[in-house]
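**Student:** So I've got this file, coords.cif, and it contains mmCIF, N, CA and C atoms:
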```cif
data_protein
#
loop_
_atom_site.label_atom_id
_atom_site.label_comp_id
_atom_site.auth_asym_id
_atom_site.auth_seq_id
_atom_site.Cartn_x
_atom_site.Cartn_y
_atom_site.Cartn_z
N MET A 1 0.85 -1.18 0.00
CA MET A 1 0.00 0.00 0.00
C MET A 1 0.90 1.25 0.00
N GLN A 2 0.59 2.17 -0.87
CA GLN A 2 1.35 3.41 -1.00
C GLN A 2 0.96 4.38 0.13
N THR A 3 1.97 4.98 0.75
CA THR A 3 1.71 5.94 1.82
C THR A 3 2.26 7.30 1.43
N ASP A 4 1.87 8.32 2.20
CA ASP A 4 2.40 9.66 1.97
C ASP A 4 3.92 9.69 2.14
N ILE A 5 4.42 8.90 3.08
CA ILE A 5 5.87 8.86 3.31
C ILE A 5 6.57 8.24 2.11
N ASP A 6 6.01 7.16 1.54
CA ASP A 6 6.61 6.54 0.35
C ASP A 6 6.65 7.53 -0.80
N ARG A 7 5.59 8.28 -0.99
CA ARG A 7 5.55 9.28 -2.06
C ARG A 7 6.57 10.39 -1.79
N HIS A 8 6.67 10.81 -0.53
CA HIS A 8 7.62 11.86 -0.17
C HIS A 8 9.06 11.41 -0.42
N VAL A 9 9.42 10.22 0.05
CA VAL A 9 10.77 9.71 -0.15
C VAL A 9 11.04 9.55 -1.65
N GLY A 10 10.06 9.07 -2.40
CA GLY A 10 10.21 8.93 -3.84
C GLY A 10 10.41 10.26 -4.54
N GLU A 11 9.69 11.27 -4.11
CA GLU A 11 9.84 12.60 -4.69
C GLU A 11 11.21 13.18 -4.38
N ARG A 12 11.68 12.97 -3.16
CA ARG A 12 13.03 13.43 -2.80
C ARG A 12 14.09 12.70 -3.63
N LEU A 13 13.87 11.42 -3.91
CA LEU A 13 14.76 10.65 -4.76
C LEU A 13 14.77 11.25 -6.17
N ARG A 14 13.61 11.54 -6.71
CA ARG A 14 13.52 12.13 -8.05
C ARG A 14 14.24 13.48 -8.10
N ARG A 15 13.98 14.33 -7.12
CA ARG A 15 14.62 15.65 -7.10
C ARG A 15 16.13 15.54 -7.06
N ARG A 16 16.63 14.67 -6.21
CA ARG A 16 18.09 14.53 -6.08
C ARG A 16 18.69 13.99 -7.38
N ARG A 17 18.02 13.00 -7.97
CA ARG A 17 18.51 12.43 -9.24
C ARG A 17 18.56 13.51 -10.32
N ARG A 18 17.50 14.29 -10.42
CA ARG A 18 17.46 15.34 -11.43
C ARG A 18 18.49 16.43 -11.14
N LEU A 19 18.66 16.77 -9.89
CA LEU A 19 19.66 17.76 -9.51
C LEU A 19 21.06 17.30 -9.92
N MET A 20 21.30 16.01 -9.81
CA MET A 20 22.59 15.44 -10.20
C MET A 20 22.71 15.29 -11.72
N GLY A 21 21.61 15.54 -12.43
CA GLY A 21 21.63 15.44 -13.89
C GLY A 21 21.63 14.01 -14.41
N LEU A 22 21.08 13.09 -13.63
CA LEU A 22 21.04 11.69 -14.01
C LEU A 22 19.68 11.29 -14.55
N THR A 23 19.67 10.36 -15.49
CA THR A 23 18.42 9.76 -15.94
C THR A 23 18.07 8.61 -14.99
N GLN A 24 16.86 8.12 -15.08
CA GLN A 24 16.48 6.96 -14.28
C GLN A 24 17.36 5.77 -14.65
N LYS A 25 17.67 5.63 -15.92
CA LYS A 25 18.50 4.52 -16.38
C LYS A 25 19.91 4.61 -15.79
N GLU A 26 20.49 5.80 -15.79
CA GLU A 26 21.84 5.97 -15.25
C GLU A 26 21.89 5.65 -13.76
N LEU A 27 20.89 6.13 -13.01
CA LEU A 27 20.85 5.83 -11.58
C LEU A 27 20.67 4.33 -11.35
N ALA A 28 19.78 3.73 -12.12
CA ALA A 28 19.54 2.29 -11.99
C ALA A 28 20.82 1.50 -12.23
N GLU A 29 21.58 1.90 -13.24
CA GLU A 29 22.84 1.20 -13.53
C GLU A 29 23.82 1.33 -12.38
N ARG A 30 23.83 2.46 -11.71
CA ARG A 30 24.75 2.67 -10.58
C ARG A 30 24.48 1.71 -9.43
N VAL A 31 23.20 1.33 -9.26
CA VAL A 31 22.86 0.45 -8.13
C VAL A 31 22.48 -0.96 -8.58
N GLY A 32 22.57 -1.23 -9.89
CA GLY A 32 22.35 -2.59 -10.38
C GLY A 32 20.91 -3.04 -10.44
N ILE A 33 20.01 -2.13 -10.78
CA ILE A 33 18.60 -2.49 -10.95
C ILE A 33 18.10 -1.93 -12.27
N ARG A 34 16.84 -2.19 -12.62
CA ARG A 34 16.27 -1.69 -13.87
C ARG A 34 15.68 -0.30 -13.65
N PHE A 35 15.67 0.50 -14.72
CA PHE A 35 15.16 1.87 -14.59
C PHE A 35 13.68 1.90 -14.22
N GLN A 36 12.94 0.84 -14.59
CA GLN A 36 11.51 0.79 -14.23
C GLN A 36 11.34 0.78 -12.71
N GLN A 37 12.29 0.15 -12.03
CA GLN A 37 12.21 0.11 -10.57
C GLN A 37 12.45 1.50 -9.98
N ILE A 38 13.38 2.25 -10.56
CA ILE A 38 13.61 3.63 -10.11
C ILE A 38 12.31 4.42 -10.28
N HIS A 39 11.65 4.25 -11.41
CA HIS A 39 10.38 4.95 -11.65
C HIS A 39 9.36 4.59 -10.56
N LYS A 40 9.27 3.34 -10.23
CA LYS A 40 8.31 2.90 -9.20
C LYS A 40 8.67 3.47 -7.83
N TYR A 41 9.96 3.56 -7.52
CA TYR A 41 10.37 4.17 -6.27
C TYR A 41 10.01 5.65 -6.25
N GLU A 42 10.29 6.34 -7.35
CA GLU A 42 10.07 7.78 -7.40
C GLU A 42 8.59 8.15 -7.32
N THR A 43 7.74 7.30 -7.80
CA THR A 43 6.29 7.58 -7.73
C THR A 43 5.66 7.05 -6.45
N GLY A 44 6.44 6.32 -5.67
CA GLY A 44 5.92 5.76 -4.43
C GLY A 44 5.11 4.50 -4.63
N ILE A 45 5.09 3.96 -5.84
CA ILE A 45 4.36 2.73 -6.12
C ILE A 45 4.99 1.57 -5.36
N ASN A 46 6.32 1.50 -5.41
CA ASN A 46 7.06 0.48 -4.66
C ASN A 46 7.81 1.14 -3.51
N ARG A 47 7.79 0.46 -2.40
CA ARG A 47 8.49 0.92 -1.20
C ARG A 47 9.93 0.43 -1.24
N MET A 48 10.86 1.27 -0.82
CA MET A 48 12.28 0.89 -0.81
C MET A 48 12.64 0.22 0.51
N THR A 49 13.49 -0.79 0.41
CA THR A 49 14.03 -1.37 1.63
C THR A 49 15.10 -0.42 2.17
N ALA A 50 15.47 -0.62 3.40
CA ALA A 50 16.51 0.22 4.01
C ALA A 50 17.83 0.09 3.24
N SER A 51 18.16 -1.13 2.84
CA SER A 51 19.43 -1.32 2.12
C SER A 51 19.39 -0.67 0.74
N ARG A 52 18.25 -0.69 0.07
CA ARG A 52 18.14 -0.05 -1.25
C ARG A 52 18.23 1.47 -1.10
N LEU A 53 17.56 2.02 -0.10
CA LEU A 53 17.64 3.46 0.12
C LEU A 53 19.08 3.87 0.42
N TYR A 54 19.79 3.05 1.17
CA TYR A 54 21.20 3.34 1.46
C TYR A 54 22.02 3.33 0.17
N GLU A 55 21.81 2.33 -0.69
CA GLU A 55 22.54 2.25 -1.97
C GLU A 55 22.24 3.47 -2.84
N LEU A 56 20.98 3.86 -2.91
CA LEU A 56 20.59 5.02 -3.72
C LEU A 56 21.19 6.30 -3.16
N ALA A 57 21.17 6.42 -1.84
CA ALA A 57 21.75 7.61 -1.21
C ALA A 57 23.24 7.71 -1.55
N ARG A 58 23.96 6.60 -1.47
CA ARG A 58 25.39 6.60 -1.82
C ARG A 58 25.60 6.94 -3.28
N ALA A 59 24.78 6.39 -4.15
CA ALA A 59 24.91 6.65 -5.59
C ALA A 59 24.65 8.11 -5.92
N LEU A 60 23.83 8.76 -5.10
CA LEU A 60 23.47 10.16 -5.33
C LEU A 60 24.28 11.12 -4.46
N GLY A 61 25.19 10.59 -3.65
CA GLY A 61 26.03 11.44 -2.82
C GLY A 61 25.25 12.21 -1.78
N ALA A 62 24.24 11.57 -1.20
CA ALA A 62 23.39 12.24 -0.20
C ALA A 62 23.28 11.35 1.03
N PRO A 63 23.13 11.96 2.20
CA PRO A 63 22.87 11.14 3.39
C PRO A 63 21.45 10.57 3.32
N VAL A 64 21.23 9.44 3.94
CA VAL A 64 19.90 8.82 3.93
C VAL A 64 18.85 9.78 4.48
N GLU A 65 19.24 10.59 5.46
CA GLU A 65 18.30 11.53 6.08
C GLU A 65 17.72 12.52 5.05
N HIS A 66 18.48 12.77 4.00
CA HIS A 66 18.02 13.70 2.96
C HIS A 66 16.63 13.34 2.45
N PHE A 67 16.35 12.06 2.33
CA PHE A 67 15.10 11.61 1.74
C PHE A 67 13.90 11.77 2.68
N TYR A 68 14.18 12.03 3.95
CA TYR A 68 13.10 12.23 4.92
C TYR A 68 12.91 13.69 5.29
N GLU A 69 13.79 14.57 4.80
CA GLU A 69 13.66 16.00 5.10
C GLU A 69 12.33 16.50 4.58
N GLY A 70 11.69 17.35 5.38
CA GLY A 70 10.41 17.92 4.99
C GLY A 70 9.22 17.18 5.55
N LEU A 71 9.46 16.10 6.29
CA LEU A 71 8.37 15.39 6.96
C LEU A 71 8.23 15.93 8.37
N ASN A 72 7.00 16.07 8.83
CA ASN A 72 6.83 16.44 10.23
C ASN A 72 6.77 15.17 11.07
N GLY A 73 6.64 15.29 12.37
CA GLY A 73 6.67 14.14 13.26
C GLY A 73 5.57 13.12 13.03
N GLU A 74 4.48 13.51 12.40
CA GLU A 74 3.36 12.60 12.18
C GLU A 74 3.42 11.93 10.81
N GLY A 75 4.50 12.15 10.06
CA GLY A 75 4.62 11.52 8.76
C GLY A 75 4.04 12.36 7.63
N GLY A 76 3.53 13.54 7.96
CA GLY A 76 3.03 14.44 6.93
C GLY A 76 4.13 15.38 6.48
N MET A 77 3.83 16.15 5.44
CA MET A 77 4.84 17.06 4.91
C MET A 77 4.69 18.44 5.51
N LYS A 78 5.82 19.11 5.69
CA LYS A 78 5.84 20.46 6.23
C LYS A 78 5.85 21.47 5.09
N GLY A 79 5.11 22.53 5.23
CA GLY A 79 5.20 23.69 4.35
C GLY A 79 5.09 23.43 2.87
N ALA A 80 5.41 24.46 2.08
CA ALA A 80 5.30 24.39 0.62
C ALA A 80 6.67 24.44 -0.04
N GLN A 81 7.74 24.18 0.71
CA GLN A 81 9.08 24.23 0.15
C GLN A 81 9.22 23.21 -0.98
N GLY A 82 8.54 22.09 -0.86
CA GLY A 82 8.62 21.06 -1.88
C GLY A 82 8.23 21.56 -3.25
N ASP A 83 7.22 22.40 -3.33
CA ASP A 83 6.79 22.93 -4.62
C ASP A 83 7.89 23.75 -5.26
N LEU A 84 8.58 24.56 -4.49
CA LEU A 84 9.66 25.39 -4.99
C LEU A 84 10.81 24.52 -5.50
N LEU A 85 11.16 23.48 -4.77
CA LEU A 85 12.27 22.62 -5.17
C LEU A 85 11.95 21.74 -6.36
N ALA A 86 10.69 21.56 -6.66
CA ALA A 86 10.29 20.72 -7.78
C ALA A 86 10.31 21.47 -9.10
N ARG A 87 10.43 22.79 -9.07
CA ARG A 87 10.41 23.58 -10.30
C ARG A 87 11.69 23.38 -11.10
N ARG A 88 11.54 23.29 -12.42
CA ARG A 88 12.69 23.13 -13.31
C ARG A 88 13.65 24.30 -13.17
N GLU A 89 13.11 25.51 -13.03
CA GLU A 89 13.94 26.71 -12.89
C GLU A 89 14.87 26.60 -11.68
N THR A 90 14.35 26.09 -10.57
CA THR A 90 15.15 25.94 -9.36
C THR A 90 16.29 24.96 -9.60
N LEU A 91 15.98 23.83 -10.24
CA LEU A 91 17.02 22.84 -10.52
C LEU A 91 18.10 23.40 -11.43
N GLU A 92 17.69 24.13 -12.46
CA GLU A 92 18.66 24.73 -13.38
C GLU A 92 19.55 25.73 -12.66
N LEU A 93 18.94 26.53 -11.78
CA LEU A 93 19.69 27.53 -11.04
C LEU A 93 20.71 26.88 -10.11
N VAL A 94 20.30 25.85 -9.40
CA VAL A 94 21.20 25.17 -8.47
C VAL A 94 22.35 24.50 -9.23
N ARG A 95 22.03 23.85 -10.35
CA ARG A 95 23.09 23.21 -11.15
C ARG A 95 24.10 24.25 -11.63
N ALA A 96 23.61 25.36 -12.17
CA ALA A 96 24.50 26.41 -12.67
C ALA A 96 25.33 26.98 -11.54
N TYR A 97 24.72 27.19 -10.39
CA TYR A 97 25.41 27.75 -9.23
C TYR A 97 26.59 26.88 -8.82
N TYR A 98 26.38 25.58 -8.75
CA TYR A 98 27.45 24.69 -8.30
C TYR A 98 28.49 24.39 -9.38
N ARG A 99 28.25 24.79 -10.60
CA ARG A 99 29.28 24.68 -11.64
C ARG A 99 30.29 25.81 -11.51
N LEU A 100 29.91 26.86 -10.80
CA LEU A 100 30.81 27.99 -10.59
C LEU A 100 31.85 27.65 -9.51
N GLY A 101 32.95 28.36 -9.53
CA GLY A 101 33.94 28.21 -8.46
C GLY A 101 33.44 28.88 -7.20
N ARG A 102 34.20 28.71 -6.13
CA ARG A 102 33.80 29.26 -4.83
C ARG A 102 33.64 30.78 -4.85
N ALA A 103 34.61 31.49 -5.42
CA ALA A 103 34.54 32.97 -5.43
C ALA A 103 33.35 33.49 -6.24
N PRO A 104 33.11 32.99 -7.46
CA PRO A 104 31.93 33.46 -8.20
C PRO A 104 30.61 33.11 -7.48
N ARG A 105 30.57 31.95 -6.82
CA ARG A 105 29.35 31.59 -6.07
C ARG A 105 29.11 32.60 -4.96
N GLN A 106 30.18 32.98 -4.27
CA GLN A 106 30.02 33.94 -3.18
C GLN A 106 29.54 35.28 -3.71
N ARG A 107 30.09 35.72 -4.86
CA ARG A 107 29.66 36.99 -5.45
C ARG A 107 28.20 36.93 -5.86
N LEU A 108 27.80 35.80 -6.44
CA LEU A 108 26.39 35.63 -6.84
C LEU A 108 25.48 35.64 -5.62
N LEU A 109 25.90 34.99 -4.56
CA LEU A 109 25.11 34.98 -3.33
C LEU A 109 25.00 36.38 -2.74
N ASP A 110 26.11 37.11 -2.74
CA ASP A 110 26.09 38.50 -2.24
C ASP A 110 25.15 39.37 -3.07
N LEU A 111 25.17 39.17 -4.39
CA LEU A 111 24.27 39.91 -5.28
C LEU A 111 22.82 39.60 -4.95
N ALA A 112 22.51 38.33 -4.76
CA ALA A 112 21.14 37.94 -4.44
C ALA A 112 20.69 38.56 -3.12
N LYS A 113 21.57 38.58 -2.13
CA LYS A 113 21.23 39.20 -0.85
C LYS A 113 21.00 40.70 -1.00
N THR A 114 21.84 41.35 -1.82
CA THR A 114 21.68 42.78 -2.05
C THR A 114 20.34 43.07 -2.72
N LEU A 115 20.00 42.27 -3.71
CA LEU A 115 18.71 42.44 -4.38
C LEU A 115 17.55 42.19 -3.42
N GLN A 116 17.68 41.17 -2.59
CA GLN A 116 16.64 40.87 -1.62
C GLN A 116 16.47 42.03 -0.65
N ALA A 117 17.58 42.58 -0.16
CA ALA A 117 17.53 43.70 0.78
C ALA A 117 16.89 44.92 0.14
N ALA A 118 17.17 45.13 -1.14
CA ALA A 118 16.59 46.28 -1.84
C ALA A 118 15.08 46.13 -2.00
N LEU A 119 14.63 44.91 -2.16
CA LEU A 119 13.20 44.65 -2.35
C LEU A 119 12.46 44.46 -1.02
N ASP A 120 13.19 44.04 0.02
CA ASP A 120 12.59 43.76 1.32
C ASP A 120 13.34 44.53 2.41
N PRO A 121 13.01 45.79 2.62
CA PRO A 121 13.74 46.59 3.61
C PRO A 121 13.46 46.18 5.06
N ALA A 122 12.63 45.16 5.28
CA ALA A 122 12.27 44.73 6.63
C ALA A 122 13.48 44.22 7.41
N GLY A 123 14.46 43.67 6.70
CA GLY A 123 15.61 43.16 7.43
C GLY A 123 16.58 42.48 6.51
N PRO A 124 17.83 42.35 6.96
CA PRO A 124 18.85 41.70 6.14
C PRO A 124 18.65 40.20 6.08
N ALA A 125 19.15 39.61 5.00
CA ALA A 125 19.11 38.16 4.88
C ALA A 125 20.13 37.56 5.84
N THR A 126 19.93 36.30 6.21
CA THR A 126 20.89 35.66 7.10
C THR A 126 22.17 35.40 6.35
N ASP A 127 23.28 35.40 7.07
CA ASP A 127 24.59 35.19 6.45
C ASP A 127 24.81 33.69 6.21
N THR A 128 25.12 33.36 4.97
CA THR A 128 25.38 31.96 4.60
C THR A 128 26.72 31.86 3.90
N ARG A 129 27.75 32.35 4.50
CA ARG A 129 29.07 32.39 3.86
C ARG A 129 29.74 31.03 3.77
N GLN A 130 29.11 29.97 4.20
CA GLN A 130 29.71 28.65 4.13
C GLN A 130 29.38 28.01 2.78
N VAL A 131 29.77 28.65 1.72
CA VAL A 131 29.47 28.20 0.36
C VAL A 131 30.58 27.33 -0.15
#
```
Can you present the structure in this file as structure tokens?
**Tutor:**
Amino acid sequence: MQTDIDRHVGERLRRRRRLMGLTQKELAERVGIRFQQIHKYETGINRMTASRLYELARALGAPVEHFYEGLNGEGGMKGAQGDLLARRETLELVRAYYRLGRAPRQRLLDLAKTLQAALDPAGPATDTRQV
């Protein structure tokens, strides 16, 4: 039976795979399964075992906890951040950002904060210099 948690973990798997620029087939080959199985995991049709989730997390360079982020204590999802992360524009922006070196990333981040401050005089953005 498909649960909200299975769908959430599957969606997090899909987002991470896409962020890494991998196809379902490429990810499947990394862990030795068929791409159809990746599709079933991503849609929440099939539930992943703990060992499979661990293999997928390693293949995607993410901690296992990454796939549970955004769940509240009752197994439901928190907020609307998921919608923002699912947008193609967000994925393209993140990919482009991490293709830059450290110094250009910092300059881009500073520019974004300056623009945010100009549009939102209520207060400065938090400092995230650990780029």
**Student:** In Å to one decimal, how far is atom CA of Leu93 of chain A from atom C of Arg52 of chain A?
**Tutor:**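 Taking atom C of Arg52 of chain A and atom CA of Leu93 of chain A, their separation equals 27.9 Å.
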**Student:** Starting from the displayed file, determine the output of the PyMOL selection byres ((chain A and resi 45) around 8) and express the residue list as a list in words.
**Tutor:**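 So the PyMOL selection byres ((chain A and resi 45) around 8) ends up selecting Met1, Gln2, Thr3, Asp6, Arg7, Gly10, His39, Lys40, Tyr41, Glu42, Thr43, Gly44, Asn46, Arg47 and Met48 of chain A.
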**Student:** Each residue of segment 39-111 of chain A lying at most 8 Å from segment 11-35 of chain A should get a row with its shortest atom-to-atom pair and the distance in Å to one decimal, counting all atoms listed in the file; could you produce that, ordered by chain and increasing number, as a Markdown table?
**Tutor:**
```
| residue | atom | partner | partner_atom | distance |
| --- | --- | --- | --- | --- |
| A:His39 | N | A:Phe35 | C | 4.2 |
| A:Lys40 | N | A:Phe35 | C | 6.1 |
| A:Tyr41 | C | A:Glu11 | N | 6.0 |
| A:Glu42 | C | A:Glu11 | N | 4.6 |
| A:Thr43 | N | A:Glu11 | N | 5.8 |
| A:Gly44 | N | A:Glu11 | N | 6.1 |
| A:Glu55 | C | A:Val31 | CA | 6.1 |
| A:Leu56 | N | A:Val31 | CA | 6.5 |
| A:Ala59 | CA | A:Arg30 | C | 6.3 |
| A:Leu60 | CA | A:Arg16 | C | 6.5 |
| A:His66 | C | A:Arg12 | CA | 6.4 |
| A:Phe67 | CA | A:Arg12 | CA | 5.3 |
| A:Tyr68 | N | A:Arg12 | CA | 7.0 |
| A:Glu69 | N | A:Arg12 | CA | 7.7 |
| A:Leu85 | C | A:Arg15 | CA | 6.7 |
| A:Ala86 | CA | A:Arg15 | CA | 6.7 |
| A:Thr90 | C | A:Leu19 | CA | 8.0 |
| A:Leu91 | CA | A:Leu19 | CA | 5.8 |
| A:Glu92 | N | A:Leu19 | CA | 7.3 |
| A:Val94 | C | A:Leu19 | CA | 7.3 |
| A:Arg95 | CA | A:Leu19 | C | 6.4 |
```
**Student:** Could you tell me how far atom CA of Asp4 of chain A sits from atom CA of Tyr54 of chain A, in Å to one decimal place?
**Tutor:**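 That distance, rounded to one decimal, is 19.8 Å.
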**Student:** Could you work out how far atom CA of Gly70 of chain A lies from atom C of Asp110 of chain A, giving the answer in Å with one decimal?
**Tutor:** 27.2 Å
**Student:** Could you please write out, as an MDAnalysis selection string, every residue of segment 17-90 of chain A that DSSP assigns to helix (DSSP H, G or I)?
**Tutor:** chainID A and resid 17:19 24:31 35:43 50:59 64:68 81:86 88:90
**Student:** Select, from A:Leu71, A:Leu119, A:Ile38, A:Leu53, the residue with the minimum atom-to-atom distance to Ile5 of chain A, counting only C-alpha atoms.
**Tutor:**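 Among the listed residues, the smallest separation from Ile5 of chain A belongs to A:Leu71.
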**Student:** As JSON, please report the centre and edge lengths, rounded to one decimal in Å, of the axis-aligned box that holds all listed atoms of segment 87-106 of chain A with 6 Å of padding on each of the six sides.
**Tutor:**
```
{"center_x": 22.5, "center_y": 29.0, "center_z": -8.3, "size_x": 36.2, "size_y": 24.5, "size_z": 22.2}
```
